[in-house]
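Undergrad: So I've got this file, start_28.pdb, and it contains PDB, C-alpha atoms, pLDDT in the B column:
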ATOM      1  CA  MET D   1       8.712 -28.244  -7.486  1.00 92.00           C
ATOM      2  CA  ILE D   2       6.510 -25.148  -7.332  1.00 97.00           C
ATOM      3  CA  GLN D   3       8.140 -21.895  -6.216  1.00 98.00           C
ATOM      4  CA  VAL D   4       6.067 -18.964  -4.944  1.00 98.00           C
ATOM      5  CA  ALA D   5       7.533 -15.541  -4.220  1.00 98.00           C
ATOM      6  CA  VAL D   6       6.115 -13.715  -1.212  1.00 98.00           C
ATOM      7  CA  CYS D   7       6.751  -9.994  -1.593  1.00 98.00           C
ATOM      8  CA  GLY D   8       6.076  -7.111   0.751  1.00 97.00           C
ATOM      9  CA  PRO D   9       7.565  -4.204   2.635  1.00 97.00           C
ATOM     10  CA  ALA D  10      10.514  -4.490   4.986  1.00 96.00           C
ATOM     11  CA  GLU D  11       8.675  -2.070   7.271  1.00 96.00           C
ATOM     12  CA  CYS D  12       5.182  -3.458   7.659  1.00 97.00           C
ATOM     13  CA  SER D  13       2.206  -3.370   9.976  1.00 97.00           C
ATOM     14  CA  ALA D  14       1.540  -6.040  12.581  1.00 97.00           C
ATOM     15  CA  ALA D  15      -1.420  -7.237  10.490  1.00 97.00           C
ATOM     16  CA  GLU D  16       0.784  -7.587   7.388  1.00 98.00           C
ATOM     17  CA  GLU D  17       3.394  -9.464   9.411  1.00 98.00           C
ATOM     18  CA  THR D  18       0.763 -11.880  10.738  1.00 98.00           C
ATOM     19  CA  ALA D  19      -0.691 -12.413   7.260  1.00 98.00           C
ATOM     20  CA  ALA D  20       2.757 -13.026   5.740  1.00 98.00           C
ATOM     21  CA  ARG D  21       3.640 -15.536   8.455  1.00 98.00           C
ATOM     22  CA  GLU D  22       0.427 -17.447   7.721  1.00 98.00           C
ATOM     23  CA  VAL D  23       1.010 -17.295   3.960  1.00 98.00           C
ATOM     24  CA  GLY D  24       4.500 -18.741   4.429  1.00 98.00           C
ATOM     25  CA  ALA D  25       3.225 -21.547   6.654  1.00 98.00           C
ATOM     26  CA  LEU D  26       0.377 -22.437   4.278  1.00 98.00           C
ATOM     27  CA  LEU D  27       2.718 -22.500   1.287  1.00 98.00           C
ATOM     28  CA  ALA D  28       5.201 -24.732   3.125  1.00 98.00           C
ATOM     29  CA  ARG D  29       2.438 -27.124   4.176  1.00 98.00           C
ATOM     30  CA  SER D  30       1.499 -27.332   0.497  1.00 98.00           C
ATOM     31  CA  GLY D  31       5.032 -28.456  -0.381  1.00 97.00           C
ATOM     32  CA  VAL D  32       5.936 -25.195  -2.116  1.00 97.00           C
ATOM     33  CA  VAL D  33       9.373 -23.565  -2.073  1.00 98.00           C
ATOM     34  CA  VAL D  34       8.974 -20.062  -0.665  1.00 98.00           C
ATOM     35  CA  LEU D  35      11.052 -17.310  -2.272  1.00 98.00           C
ATOM     36  CA  CYS D  36      11.390 -13.879  -0.695  1.00 98.00           C
ATOM     37  CA  GLY D  37      13.638 -10.847  -0.553  1.00 97.00           C
ATOM     38  CA  GLY D  38      15.292 -12.283   2.529  1.00 97.00           C
ATOM     39  CA  TYR D  39      15.304  -9.376   4.947  1.00 97.00           C
ATOM     40  CA  GLY D  40      12.833  -7.976   7.518  1.00 97.00           C
ATOM     41  CA  GLY D  41       9.129  -7.240   7.673  1.00 98.00           C
ATOM     42  CA  VAL D  42       6.904  -9.249   5.352  1.00 98.00           C
ATOM     43  CA  MET D  43       9.925 -11.135   4.004  1.00 97.00           C
ATOM     44  CA  ALA D  44      11.064 -12.311   7.442  1.00 98.00           C
ATOM     45  CA  ALA D  45       7.524 -13.158   8.540  1.00 98.00           C
ATOM     46  CA  ALA D  46       6.887 -15.291   5.443  1.00 98.00           C
ATOM     47  CA  ALA D  47      10.247 -17.014   5.954  1.00 98.00           C
ATOM     48  CA  GLU D  48       9.475 -17.630   9.623  1.00 98.00           C
ATOM     49  CA  GLY D  49       6.066 -19.102   8.832  1.00 98.00           C
ATOM     50  CA  ALA D  50       7.449 -21.373   6.119  1.00 98.00           C
ATOM     51  CA  ALA D  51      10.438 -22.500   8.195  1.00 98.00           C
ATOM     52  CA  GLY D  52       8.199 -23.186  11.179  1.00 98.00           C
ATOM     53  CA  ALA D  53       6.074 -25.432   8.977  1.00 98.00           C
ATOM     54  CA  GLY D  54       9.153 -27.339   7.791  1.00 98.00           C
ATOM     55  CA  GLY D  55       9.389 -25.611   4.419  1.00 98.00           C
ATOM     56  CA  LEU D  56      12.261 -24.617   2.171  1.00 98.00           C
ATOM     57  CA  VAL D  57      12.820 -20.839   2.073  1.00 98.00           C
ATOM     58  CA  VAL D  58      15.185 -19.079  -0.328  1.00 98.00           C
ATOM     59  CA  GLY D  59      16.081 -15.420   0.132  1.00 98.00           C
ATOM     60  CA  ILE D  60      17.100 -13.457  -2.954  1.00 98.00           C
ATOM     61  CA  LEU D  61      19.155 -10.747  -1.281  1.00 98.00           C
ATOM     62  CA  SER D  62      19.808  -7.289  -2.665  1.00 97.00           C
ATOM     63  CA  GLY D  63      23.177  -7.067  -0.899  1.00 97.00           C
ATOM     64  CA  ALA D  64      26.539  -8.473  -1.892  1.00 97.00           C
ATOM     65  CA  ASP D  65      26.658 -10.757   1.147  1.00 97.00           C
ATOM     66  CA  ARG D  66      24.314 -12.391   3.653  1.00 97.00           C
ATOM     67  CA  SER D  67      24.527  -9.699   6.334  1.00 96.00           C
ATOM     68  CA  GLY D  68      21.126  -8.661   7.607  1.00 96.00           C
ATOM     69  CA  ALA D  69      19.380 -11.700   6.142  1.00 98.00           C
ATOM     70  CA  SER D  70      16.508 -13.315   8.017  1.00 97.00           C
ATOM     71  CA  PRO D  71      17.601 -16.203  10.249  1.00 97.00           C
ATOM     72  CA  TYR D  72      14.646 -18.229   8.928  1.00 98.00           C
ATOM     73  CA  LEU D  73      16.070 -18.677   5.434  1.00 98.00           C
ATOM     74  CA  THR D  74      17.147 -22.123   4.293  1.00 98.00           C
ATOM     75  CA  ALA D  75      19.379 -20.643   1.609  1.00 98.00           C
ATOM     76  CA  CYS D  76      20.438 -17.176   0.454  1.00 98.00           C
ATOM     77  CA  VAL D  77      21.399 -15.816  -2.946  1.00 98.00           C
ATOM     78  CA  ALA D  78      23.441 -12.645  -2.435  1.00 98.00           C
ATOM     79  CA  THR D  79      23.035 -10.746  -5.691  1.00 98.00           C
ATOM     80  CA  GLY D  80      24.710  -7.405  -4.935  1.00 98.00           C
ATOM     81  CA  MET D  81      22.093  -5.956  -7.309  1.00 97.00           C
ATOM     82  CA  ASP D  82      20.091  -3.706  -4.944  1.00 96.00           C
ATOM     83  CA  GLN D  83      16.502  -3.386  -6.206  1.00 95.00           C
ATOM     84  CA  ALA D  84      17.366  -5.040  -9.528  1.00 96.00           C
ATOM     85  CA  ARG D  85      17.228  -8.295  -7.561  1.00 97.00           C
ATOM     86  CA  ASN D  86      13.420  -7.955  -7.730  1.00 97.00           C
ATOM     87  CA  SER D  87      13.585  -9.231 -11.301  1.00 97.00           C
ATOM     88  CA  ILE D  88      15.464 -12.355 -10.193  1.00 97.00           C
ATOM     89  CA  LEU D  89      13.039 -12.947  -7.330  1.00 98.00           C
ATOM     90  CA  VAL D  90       9.816 -12.824  -9.333  1.00 97.00           C
ATOM     91  CA  GLY D  91      11.396 -14.332 -12.442  1.00 97.00           C
ATOM     92  CA  SER D  92      12.256 -17.428 -10.399  1.00 97.00           C
ATOM     93  CA  ALA D  93       8.656 -17.815  -9.203  1.00 98.00           C
ATOM     94  CA  ASP D  94       5.720 -19.750 -10.591  1.00 98.00           C
ATOM     95  CA  ALA D  95       3.357 -17.344  -8.791  1.00 98.00           C
ATOM     96  CA  VAL D  96       3.657 -14.216  -6.639  1.00 98.00           C
ATOM     97  CA  ILE D  97       1.815 -13.208  -3.484  1.00 98.00           C
ATOM     98  CA  ALA D  98       2.223  -9.554  -2.474  1.00 98.00           C
ATOM     99  CA  VAL D  99       1.357  -8.857   1.161  1.00 98.00           C
ATOM    100  CA  GLY D 100       0.910  -5.146   1.758  1.00 96.00           C
ATOM    101  CA  GLY D 101       2.631  -2.567  -0.364  1.00 91.00           C
ATOM    102  CA  SER D 102       5.736  -0.456  -0.721  1.00 94.00           C
ATOM    103  CA  TRP D 103       7.564   0.926  -3.738  1.00 94.00           C
ATOM    104  CA  GLY D 104       9.711  -2.212  -3.886  1.00 93.00           C
ATOM    105  CA  THR D 105       6.608  -4.397  -3.713  1.00 95.00           C
ATOM    106  CA  LEU D 106       4.999  -2.421  -6.527  1.00 95.00           C
ATOM    107  CA  SER D 107       8.164  -2.990  -8.569  1.00 96.00           C
ATOM    108  CA  GLU D 108       7.964  -6.747  -7.954  1.00 97.00           C
ATOM    109  CA  VAL D 109       4.276  -6.848  -8.913  1.00 96.00           C
ATOM    110  CA  ALA D 110       4.929  -4.861 -12.104  1.00 96.00           C
ATOM    111  CA  ILE D 111       7.906  -7.004 -13.124  1.00 97.00           C
ATOM    112  CA  ALA D 112       5.938 -10.199 -12.512  1.00 97.00           C
ATOM    113  CA  MET D 113       3.039  -8.935 -14.622  1.00 95.00           C
ATOM    114  CA  ARG D 114       5.356  -7.839 -17.452  1.00 96.00           C
ATOM    115  CA  ARG D 115       7.235 -11.173 -17.388  1.00 96.00           C
ATOM    116  CA  GLY D 116       4.023 -13.200 -17.512  1.00 95.00           C
ATOM    117  CA  VAL D 117       4.311 -14.747 -14.047  1.00 95.00           C
ATOM    118  CA  ARG D 118       0.770 -15.799 -13.136  1.00 94.00           C
ATOM    119  CA  PRO D 119      -1.018 -15.504 -10.934  1.00 96.00           C
ATOM    120  CA  VAL D 120       0.059 -12.394  -9.093  1.00 96.00           C
ATOM    121  CA  VAL D 121      -2.056 -12.208  -5.944  1.00 97.00           C
ATOM    122  CA  SER D 122      -2.422  -9.119  -3.774  1.00 97.00           C
ATOM    123  CA  LEU D 123      -3.276  -9.467  -0.087  1.00 97.00           C
ATOM    124  CA  GLY D 124      -3.917  -5.943   1.162  1.00 94.00           C
ATOM    125  CA  GLY D 125      -1.509  -4.498  -1.361  1.00 88.00           C
ATOM    126  CA  TRP D 126      -1.460  -2.293  -4.409  1.00 84.00           C
ATOM    127  CA  GLN D 127      -4.305  -1.760  -6.837  1.00 85.00           C
ATOM    128  CA  VAL D 128      -3.251  -0.025 -10.032  1.00 87.00           C
ATOM    129  CA  ILE D 129      -5.779   2.268 -11.691  1.00 89.00           C
ATOM    130  CA  ASP D 130      -5.768   3.739 -15.187  1.00 92.00           C
ATOM    131  CA  ALA D 131      -6.230   7.396 -16.166  1.00 95.00           C
ATOM    132  CA  LEU D 132     -10.018   7.008 -15.954  1.00 96.00           C
ATOM    133  CA  GLY D 133      -9.885   5.536 -12.447  1.00 94.00           C
ATOM    134  CA  ALA D 134     -10.627   1.949 -13.475  1.00 94.00           C
ATOM    135  CA  ILE D 135      -8.647  -0.879 -11.874  1.00 90.00           C
ATOM    136  CA  VAL D 136      -6.096  -2.275 -14.305  1.00 89.00           C
ATOM    137  CA  PRO D 137      -6.829  -5.998 -14.634  1.00 91.00           C
ATOM    138  CA  GLY D 138      -4.304  -8.705 -13.927  1.00 92.00           C
ATOM    139  CA  VAL D 139      -3.446  -8.682 -10.239  1.00 94.00           C
ATOM    140  CA  VAL D 140      -5.836 -10.963  -8.347  1.00 95.00           C
ATOM    141  CA  PRO D 141      -7.075  -9.616  -5.000  1.00 95.00           C
ATOM    142  CA  ALA D 142      -7.368 -11.870  -1.937  1.00 97.00           C
ATOM    143  CA  ASP D 143      -8.995 -11.146   1.418  1.00 97.00           C
ATOM    144  CA  THR D 144      -7.227 -13.747   3.582  1.00 98.00           C
ATOM    145  CA  PRO D 145      -3.904 -15.601   3.628  1.00 98.00           C
ATOM    146  CA  ALA D 146      -5.708 -18.874   2.875  1.00 98.00           C
ATOM    147  CA  GLU D 147      -7.420 -17.343  -0.153  1.00 98.00           C
ATOM    148  CA  ALA D 148      -4.130 -15.843  -1.378  1.00 98.00           C
ATOM    149  CA  VAL D 149      -2.426 -19.246  -1.215  1.00 98.00           C
ATOM    150  CA  ARG D 150      -5.393 -21.009  -2.827  1.00 98.00           C
ATOM    151  CA  LEU D 151      -5.362 -18.503  -5.706  1.00 97.00           C
ATOM    152  CA  ALA D 152      -1.586 -18.722  -6.132  1.00 98.00           C
ATOM    153  CA  LEU D 153      -1.677 -22.529  -6.299  1.00 98.00           C
ATOM    154  CA  ALA D 154      -4.845 -22.897  -8.394  1.00 95.00           C
ATOM    155  CA  GLY D 155      -4.220 -25.304 -11.261  1.00 77.00           C
ATOM    156  CA  ARG D 156      -0.678 -26.169 -10.127  1.00 75.00           C
ATOM    157  CA  GLY D 157       0.120 -29.860  -9.535  1.00 62.00           C
TER
END
Can the structure from this file be put into structure tokens for me?

TA:
Amino acid sequence: MIQVAVCGPAECSAAEETAAREVGALLARSGVVVLCGGYGGVMAAAAEGAAGAGGLVVGILSGADRSGASPYLTACVATGMDQARNSILVGSADAVIAVGGSWGTLSEVAIAMRRGVRPVVSLGGWQVIDALGAIVPGVVPADTPAEAVRLALAGRG
């Protein structure tokens, strides 16, 4: 079964929340297991969208217990690892979709790229530039939730 991590800030804009909810629903309708950080903002919106579409949603929590976790999760993994849980989240994924951006999201994108998780899709999120101002290749930009999901699932059974 394909697993896609949806990453994004716990404090997000209304547009990011709407996009994440749609991403979660589209992934669930595609039969994909949705992984997320399990708390608020983009994470909760993606979980809500996936759960509403009948999908399986797993939250990889930074805390040592399930307190504060989104009510839309099917299952929780309480790691007690704070931000180090980002490595578990993206390492468990076949693809990553980042909706919006925060320092934690940037960490997840970087870890996914370093670990060889592909594709890593950015929907309104970070673009990394080099010292000369050129965009560092690797992260695939998307303009809509549907495009982000299509790119994340391209070539996957």

Undergrad: So what does the PyMOL selection byres ((chain D and resi 14-22) around 9) actually pick up in this one, as a list in words?

TA: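 Output of the PyMOL selection byres ((chain D and resi 14-22) around 9): Val6, Cys7, Gly8, Pro9, Cys12, Ser13, Val23, Gly24, Ala25, Leu26, Leu27, Gly41, Val42, Met43, Ala44, Ala45, Ala46, Ala47, Glu48, Gly49, Ala50, Ala98, Val99, Gly100, Leu123, Gly124, Thr144, Pro145 and Ala146 of chain D.
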
Undergrad: Would you pick out the contacts of region 78-85 of chain D at 7 Å or less, using only C-alpha atoms, so that residues sharing its chain but fewer than 6 positions from it are not included, and give the list as a ChimeraX atom specification?

TA: /D:60-66

Undergrad: Running the PyMOL selection byres ((chain D and resi 129-137) around 12) on this model by hand, what would come out? Give it as a ChimeraX atom specification.

TA: /D:110,113,119-121,126-128,138-141

Undergrad: Please determine, counting all atoms listed in the file, which residue among D:Gly54, D:Ala5, D:Trp103, D:Leu153 has the shortest atom-to-atom distance to Gly91 (chain D).

TA: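 Among the listed residues, the smallest separation from Gly91 (chain D) belongs to D:Ala5.
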
Undergrad: What are the centre and edge lengths in Å, to one decimal, of the axis-aligned box around all listed atoms of region 67-82 of chain D with 5 Å added on each side, as JSON?

TA:
{"center_x": 19.7, "center_y": -12.9, "center_z": 1.5, "size_x": 20.1, "size_y": 28.4, "size_z": 27.6}

Undergrad: Between CA of Val57 (chain D) and CA of Arg114 (chain D), what distance in Å does the model show, to one decimal?

TA: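 Separation between CA of Val57 (chain D) and CA of Arg114 (chain D): 24.6 Å.
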
Undergrad: Would you mind reading off the distance between CA of Arg118 (chain D) and CA of Leu89 (chain D), one decimal, in Å?

TA: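 Going from CA of Arg118 (chain D) over to CA of Leu89 (chain D), I get 13.9 Å.
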
Undergrad: Please measure the separation of CA of Ala69 (chain D) and CA of Gly38 (chain D), giving the value in Å to one decimal.

TA: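 About the pair CA of Ala69 (chain D) and CA of Gly38 (chain D): they are 5.5 Å apart.
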
Undergrad: Please evaluate the PyMOL selection byres ((chain D and resi 75) around 9) against the structure above and give the resulting residues as number ranges by chain.

TA: D: 56-60, 73-74, 76-77

Undergrad: Using all atoms listed in the file, which of the listed residues (D:Met1, D:Val117, D:Val90, D:Ala154) sits closest to Gly37 (chain D)?

TA: D:Val90

Undergrad: Go through D:Val149, D:Ile111, D:Ala95, D:Val4 and flag the residue nearest Val32 (chain D), using all atoms listed in the file for the distances.

TA: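 Under the stated criterion, the closest residue is D:Val4.
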
Undergrad: Could you check which of D:Thr105, D:Ile88, D:Leu151, D:Ala10 is closest to Leu35 (chain D), using all atoms listed in the file?

TA: D:Ile88

Undergrad: Please provide the set of residues having any atom within 6 Å of Gln3 (chain D), restricted to only C-alpha atoms, with same-chain residues fewer than 4 positions apart removed, written as a list in words.

TA: Val32, Val33, Val34, Ala93 and Asp94 of chain D
